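Colleague: Take a look at the following structure, please.
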Amino acid sequence: MNILFICHRFPYPPVGGAKVRAFHMIRHLSEQGHKVTVCSLARSQEEVEEGRGIAPFCAGFEMATVKAPVQVLRMVASLPTTGSASEAYFYSPELQRRINGLLKDRQWDLIIVHCSSVARYVEDVTHIPKLLDYCDMDSQKWLEYVRYKRFPVSAGYWLEGQKILSAEKRIARKFDLGAVATVAEQQTLDSFGTGVLSDWFPNGVDTEFFSPSAEPYEESTISFIGRMDYYPNEECMTTFCQDTLPLLRAARPDIRLIIVGAEPSPGVRKLAELPGVTVTGSVPDVRPYVWRSALTIAPLNIARGTQNKILEAMAMGVPVVTSSIAAGGVDAQSEAHFLVADTPADYARAIMRILSNPAERQRLSLAGRDRMLTHHTWLRAMGRLDGVIERCITRFGKRRG
């Protein structure tokens, strides 16, 4: 098949959750013999140069370069309209022209859109089967932010969440199938009552790249991995350091917390002033930090879909202590494969349970790795994607018939 693939961030190099998912979809479809043309945005010349590395994994690609100030102005201009700021931020007239040209000049068997914020580029195309991979239902994340922001900022998040929700419903009706990353997200999509076919396929993890190390770990070190200019990561680390870390250090004063991730906000950088806390900023490879950890934490209070940080740590054989909301995006069981907590006291107990018991750490290390090998490989995930595509094309045929 000739497949037009549109995504909101250029999917190479595959670093970061959404880019990783998009890249593996593209690579898988190309390996199946399909001719995939990728269309997306770049925000700098460096991103353009790096993005060209996708060439071996697809039949062709189109990159439209945008400037951050211009995109911000588009967002501001959207405020008095019914359109969402997210759609405005990821819109480029140049990319629209290129997509229109591709649609005019070639015959396409399928259009795949990754992320609802770029669905507008092809929402009015009706003669080609269309699959929308929401991945996560972004509206629900924005609406959740309202609980953590003060007025009037909270009002802004509520408004954007409502606009995205309206867009998600509108766009769903213009695609043949809407896909997400988890069963829970599928239930959210179905609750919108659009009547559109839905399905899901999980995120995977590269279990060869993210594999265990033979080097010894540091018995008192715990870590958190994630972009630190991303509000859910910033919020959860601030809360963890405020409420849970004192409990841990009271029980074990030598505990060290390493916060690893690019672009730490001023608030996150300030956490490094706390005893035992290190904030690394951007690092070339997160794996050495995970390998040296006795365990990793994912105490997110705001989370949708699958947290790749959990999959990667488990694939490396490093135990994970996570919140129940983040655990919901992983096909694994609490106690059997990882530990789940939601209060500071529960987090402290779970973490100390692993730190104080090497046998328990070893059990969770082996069980977590095995679960990734059986339930979260990209091969398994992409097998489900193949079925989703088949359902999408069948639905298109019935609708056209």
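Residues are referred to by chain and number: the chain letter is A, B, ... according to the order shown in the structure tokens, the number counts from 1 in that chain, and ligands are numbered separately from 1 in the order shown.
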Quick one: residues within 12 Å of A:Gly161, only C-alpha atoms, excluding same-chain residues fewer than 6 positions away - as a PyMOL selection string?
Modeller: chain A and resi 82-86+137-146+154-155+167-168
Colleague: Report the residues of stretch 92-250 of chain A whose backbone DSSP state falls under strand (DSSP E), written as an MDAnalysis selection string.
Modeller: chainID A and resid 110:114 130:135 177:180 198:200 221:225
Colleague: At a cut-off of 9 Å, using only C-alpha atoms, what residues contact A:Arg120? Leave out same-chain residues fewer than 6 positions from it and give the result as a list of chain:residue names.
Modeller: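 The filter keeps A:Glu87, A:Tyr91, A:Ile171.
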Colleague: For the residues selected in the previous step, produce a file with all heavy atoms as a short mmCIF file (atom, residue, chain, number, x, y, z; two decimals), in the first residue's frame.
Modeller:
```
data_model
loop_
_atom_site.label_atom_id
_atom_site.label_comp_id
_atom_site.auth_asym_id
_atom_site.auth_seq_id
_atom_site.Cartn_x
_atom_site.Cartn_y
_atom_site.Cartn_z
N GLU A 87 -4.02 22.77 18.08
CA GLU A 87 -4.14 22.66 16.63
C GLU A 87 -3.41 23.81 15.94
O GLU A 87 -2.74 23.61 14.93
CB GLU A 87 -5.61 22.65 16.23
CG GLU A 87 -6.35 21.38 16.57
CD GLU A 87 -7.82 21.46 16.19
OE1 GLU A 87 -8.55 22.28 16.79
OE2 GLU A 87 -8.23 20.70 15.29
N TYR A 91 0.03 23.74 13.25
CA TYR A 91 -0.42 24.00 11.87
C TYR A 91 0.63 24.81 11.12
O TYR A 91 1.22 25.75 11.65
CB TYR A 91 -1.74 24.75 11.85
CG TYR A 91 -2.25 24.94 10.43
CD1 TYR A 91 -2.79 23.86 9.74
CD2 TYR A 91 -2.15 26.17 9.79
CE1 TYR A 91 -3.24 24.01 8.43
CE2 TYR A 91 -2.59 26.32 8.48
CZ TYR A 91 -3.14 25.23 7.81
OH TYR A 91 -3.56 25.38 6.51
N ILE A 171 -13.32 15.48 15.00
CA ILE A 171 -12.40 14.78 14.10
C ILE A 171 -12.72 13.29 14.05
O ILE A 171 -12.60 12.66 12.99
CB ILE A 171 -10.96 15.03 14.56
CG1 ILE A 171 -10.58 16.50 14.33
CG2 ILE A 171 -9.99 14.13 13.83
CD1 ILE A 171 -9.34 16.94 15.05
#
```
Colleague: Within 12 Å of stretch 37-47 of chain A, which residues of stretch 97-136 of chain A show up? Give each one with its shortest atom-to-atom distance in Å (one decimal) and the two atoms involved, counting only C-alpha atoms, rows by chain then rising residue number, as CSV.
Modeller:
```
residue,atom,partner,partner_atom,distance
A:Arg97,CA,A:Cys39,CA,11.3
A:Arg98,CA,A:Cys39,CA,8.5
A:Ile99,CA,A:Cys39,CA,7.5
A:Asn100,CA,A:Cys39,CA,11.2
A:Gly101,CA,A:Cys39,CA,11.9
A:Leu102,CA,A:Thr37,CA,9.3
A:Leu103,CA,A:Thr37,CA,11.3
A:Arg106,CA,A:Thr37,CA,11.0
A:Trp108,CA,A:Thr37,CA,10.1
A:Asp109,CA,A:Thr37,CA,11.8
A:Leu110,CA,A:Thr37,CA,10.8
A:Ile111,CA,A:Thr37,CA,9.7
A:Ile112,CA,A:Val38,CA,9.6
A:Val113,CA,A:Cys39,CA,9.6
A:His114,CA,A:Ser40,CA,10.1
A:Cys115,CA,A:Ser40,CA,11.3
A:Ser117,CA,A:Ser40,CA,11.8
A:Val118,CA,A:Ser40,CA,9.0
A:Ala119,CA,A:Ser40,CA,11.7
A:Tyr121,CA,A:Cys39,CA,10.3
A:Val122,CA,A:Cys39,CA,11.6
```
Colleague: Please identify all polymer residues within 12 Å of stretch 248-250 of chain A, counting only C-alpha atoms, omitting same-chain residues fewer than 2 positions from it, and present them as a PyMOL selection string.
Modeller: chain A and resi 220-222+240-246+252-257+274-277+344-353+355-356
Colleague: Which is closer to A:Val330 than all the others in A:Glu390, A:Glu312, A:Asp199, A:Glu219, using only C-alpha atoms?
Modeller: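 For A:Val330, the nearest of the given residues is A:Glu312.
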Colleague: Set the distance at 8 Å and use only C-alpha atoms: which residues neighbour stretch 392-400 of chain A once local chain neighbours fewer than 5 positions away are removed? I'd like the list as a PyMOL selection string.
Modeller: chain A and resi 110+128-131+176-177
Colleague: Between A:Ala315, A:Cys58, A:Val283, A:Val76, which one has atoms that come closest to A:Lys35, using only C-alpha atoms?
Modeller: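 Between A:Ala315, A:Cys58, A:Val283, A:Val76, the residue approaching A:Lys35 most closely is A:Cys58.
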Colleague: Name all residues at most 7 Å from A:Glu218 (count only C-alpha atoms; drop same-chain ones fewer than 6 positions away) and give them as a PyMOL selection string.
Modeller: chain A and resi 292-294
Colleague: For A:Pro319, which residue out of A:Pro284, A:Asn301, A:Tyr217, A:Ile259 is the nearest one, using only C-alpha atoms?
Modeller: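 Going through A:Pro284, A:Asn301, A:Tyr217, A:Ile259 one by one, the smallest distance to A:Pro319 is for A:Tyr217.
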